[in-house]
Amino acid sequence: MPEQTQIPTPERAAPDARPAAPGPAAPPDSAVIRDALGVGVAVGLSGFAFGVTSAGAGLGVLQTCALSLLVFTGASQFALVGALAAGGNPLTAAAGAFFLGVRNAFYGLRLSALLGYRASVRPFAAHWVIDETAAVTMAQPDRRTARLGFTVTGLSLYVLWNLTTLGGALGAEALGDTKAWGLDAAGPAVFLALLAPMLTTTVERAAAGLAVVLVLVTLPVLPAGVPVLLSALAAPAVLFVQGRLDQRRPDRGRGGNATGTAHRSDAQEDPR
Amino acid sequence: MNPLHTWIAIGVTAVGCYLVKYLGLAAPAGILERPLVKRLAALLPVALLAALTAQQTFGEGQDLMLDARAAGVAAAALALVLRAPFLLVVAVAVAVAAGVRALGG
């Protein structure tokens, strides 16, 4: 799911907004539902962009809808259709999409404690563990409102995302040549919009810059799909360099190594 | 695009993405809580998204090229700096790319 800018997450709006002291009284159900629907509807509509991009990349309507129904995590879906369009082999393409989806495991860890679902419910709840449901759920002060926020965001987003995916795929087929309409710029613009809010410190910017260099240098020489996977190495590389720098300047470390992370606020640690 | 290959990719992605979601929800707390693992998990999407942006802006098969997409993505970057909402950012990119193509770019 496009995890992006207009979501009123506490992490985005104000990194330290989440009270460390006992939180305020639980908000009324209507307020939780309103916030959850706001996120669900706003982001759900961007399934349209996915449907158009996927159809423009050459996937059929059925394939496009299967992705939104079964994968249901936007960045991975966009990555997969982009890799397939570039002629990548299916497993290489799936690997890139998979690595983008790994962050959802970390949301799940947080949500597991907040939601407290029984083991029999978890397999169903798992499908909705994405950026937006995590943001809404983690903003709730207690279990009851957390469950309400998770369910309303998940349901509204899932229904809308799939409907707009279908609409986008059908719309793109009706348009014909999607390139003439500039629709091949939608994919990279989506990635950029997802990336922008993540570029909070020098560490993120360095990783992004290195990844861009790696992918552009290797694109002409490596098989399709491999350059993007290779560029993922920018993440451990930058962490390694940062660790060395922090070792050299123990007092001026920037909260990226093991000790620094422990001091960072809860919100900043969020794997986003 | 080979339809069978596409379906394989869809199936593998769906299973893999579901399993990582479920793993997080079902795993005992602590397994993935090591600081280095969390830092890496946070930084991995940054690297991947940056690479995907570059590849889909400048890549054409195995060639690099500067075309209307770059103009569209540059416009999207400007919209992001101006704090435009997500859908508007994408719409701006599409409109500018279409405009440049219409002008023969």
# chains A, B, ... in the order shown; residues from 1 in each chain; ligands from 1

call {"tool": "residues_around", "arguments": {"residues": "Ser68 (chain A)", "least_positions_apart": "2", "cutoff": "8 Å", "atoms": "only C-alpha atoms", "output": "ChimeraX atom specification"}}
result
/A:64-66,70-74,77,161-162,165

call {"tool": "write_last_selection", "arguments": {"atoms": "N, CA and C atoms", "output": "compact mmCIF listing (two decimals), in the first residue's frame"}}
result
# COMPACT_ATOMS: atom_id res chain seq x y z
N THR A 64 -3.59 -8.21 -12.42
CA THR A 64 -3.50 -6.98 -11.65
C THR A 64 -4.36 -7.07 -10.39
N CYS A 65 -5.58 -7.58 -10.56
CA CYS A 65 -6.48 -7.69 -9.41
C CYS A 65 -5.98 -8.76 -8.43
N ALA A 66 -5.39 -9.82 -8.95
CA ALA A 66 -4.86 -10.86 -8.07
C ALA A 66 -3.78 -10.29 -7.17
N LEU A 70 -4.18 -10.48 -3.23
CA LEU A 70 -3.36 -11.48 -2.54
C LEU A 70 -2.08 -10.92 -1.94
N VAL A 71 -1.49 -9.91 -2.56
CA VAL A 71 -0.25 -9.35 -2.02
C VAL A 71 -0.58 -8.23 -1.04
N PHE A 72 -1.42 -7.30 -1.45
CA PHE A 72 -1.93 -6.23 -0.61
C PHE A 72 -0.84 -5.55 0.21
N THR A 73 0.20 -5.10 -0.47
CA THR A 73 1.16 -4.19 0.15
C THR A 73 1.76 -3.42 -1.02
N GLY A 74 1.39 -2.13 -1.10
CA GLY A 74 1.53 -1.36 -2.33
C GLY A 74 2.91 -1.31 -2.96
N GLN A 77 3.81 -4.38 -4.71
CA GLN A 77 3.06 -4.58 -5.94
C GLN A 77 3.63 -3.74 -7.09
N TRP A 161 -8.96 -0.34 -2.08
CA TRP A 161 -7.74 -0.60 -2.85
C TRP A 161 -8.03 -1.58 -3.98
N ASN A 162 -8.82 -2.61 -3.69
CA ASN A 162 -9.13 -3.61 -4.71
C ASN A 162 -10.10 -3.09 -5.76
N THR A 165 -8.14 -0.66 -7.90
CA THR A 165 -7.21 -1.41 -8.76
C THR A 165 -7.92 -1.88 -10.01

call {"tool": "residues_around", "arguments": {"residues": "Leu49 (chain B)", "least_positions_apart": "2", "cutoff": "10 Å", "atoms": "only C-alpha atoms", "output": "list in words"}}
result
Ala75, Ser76, Ala79, Leu100, Pro188, Val190, Phe191, Leu192, Ala193, Leu194, Leu195, Ala196, Met198, Ala208, Ala211, Val212, Val228, Ser231 and Ala232 of chain A; Leu44, Pro45, Val46, Ala47, Ala51, Leu52, Thr53, Ala54 and Gln55 of chain B

call {"tool": "atom_distance", "arguments": {"atom1": "CA of Ser54 (chain A)", "atom2": "CA of Phe86 (chain B)"}}
result
18.0 Å

call {"tool": "closest_residue", "arguments": {"among": "B:Leu78, B:Val90, B:Leu103, B:Ile31", "to": "chain A", "atoms": "only C-alpha atoms"}}
result
B:Val90

call {"tool": "closest_residue", "arguments": {"among": "A:Phe240, A:Tyr158, A:Phe124, A:Phe50", "to": "Leu19 (chain B)", "atoms": "only C-alpha atoms"}}
result
A:Phe124

call {"tool": "residues_around", "arguments": {"residues": "region 134-137 of chain A", "least_positions_apart": "3", "cutoff": "9 Å", "atoms": "only C-alpha atoms", "output": "list in words"}}
result
Ile7, Pro8, Thr9, Pro10, Glu11, Val32, Asp35, Ala36, Val39, Asn104, Tyr107, Gly108, Arg110, Leu111, Leu114, Leu115, Val129, Ile130, Asp131, Gln140, Pro141, Thr145, Ala146, Arg147, Leu148, Gly149, Phe150 and Thr153 of chain A

call {"tool": "residues_around", "arguments": {"residues": "region 62-76 of chain B", "least_positions_apart": "4", "cutoff": "8 Å", "atoms": "only C-alpha atoms", "output": "list in words"}}
result
Gly182, Asp184, Ala185, Pro188, Ala189, Leu192, Ala193, Leu216, Leu219, Pro220, Val221, Pro223 and Ala224 of chain A; Thr57, Phe58, Leu80, Val89, Val90, Val92, Ala93, Val94, Ala95, Val96, Ala97, Ala98, Val100, Arg101 and Gly105 of chain B

call {"tool": "select_by_dssp", "arguments": {"residues": "region 104-183 of chain A", "states": "helix (DSSP H, G or I)", "output": "MDAnalysis selection string"}}
result
chainID A and resid 104:115 122:128 131:138 143:175 183
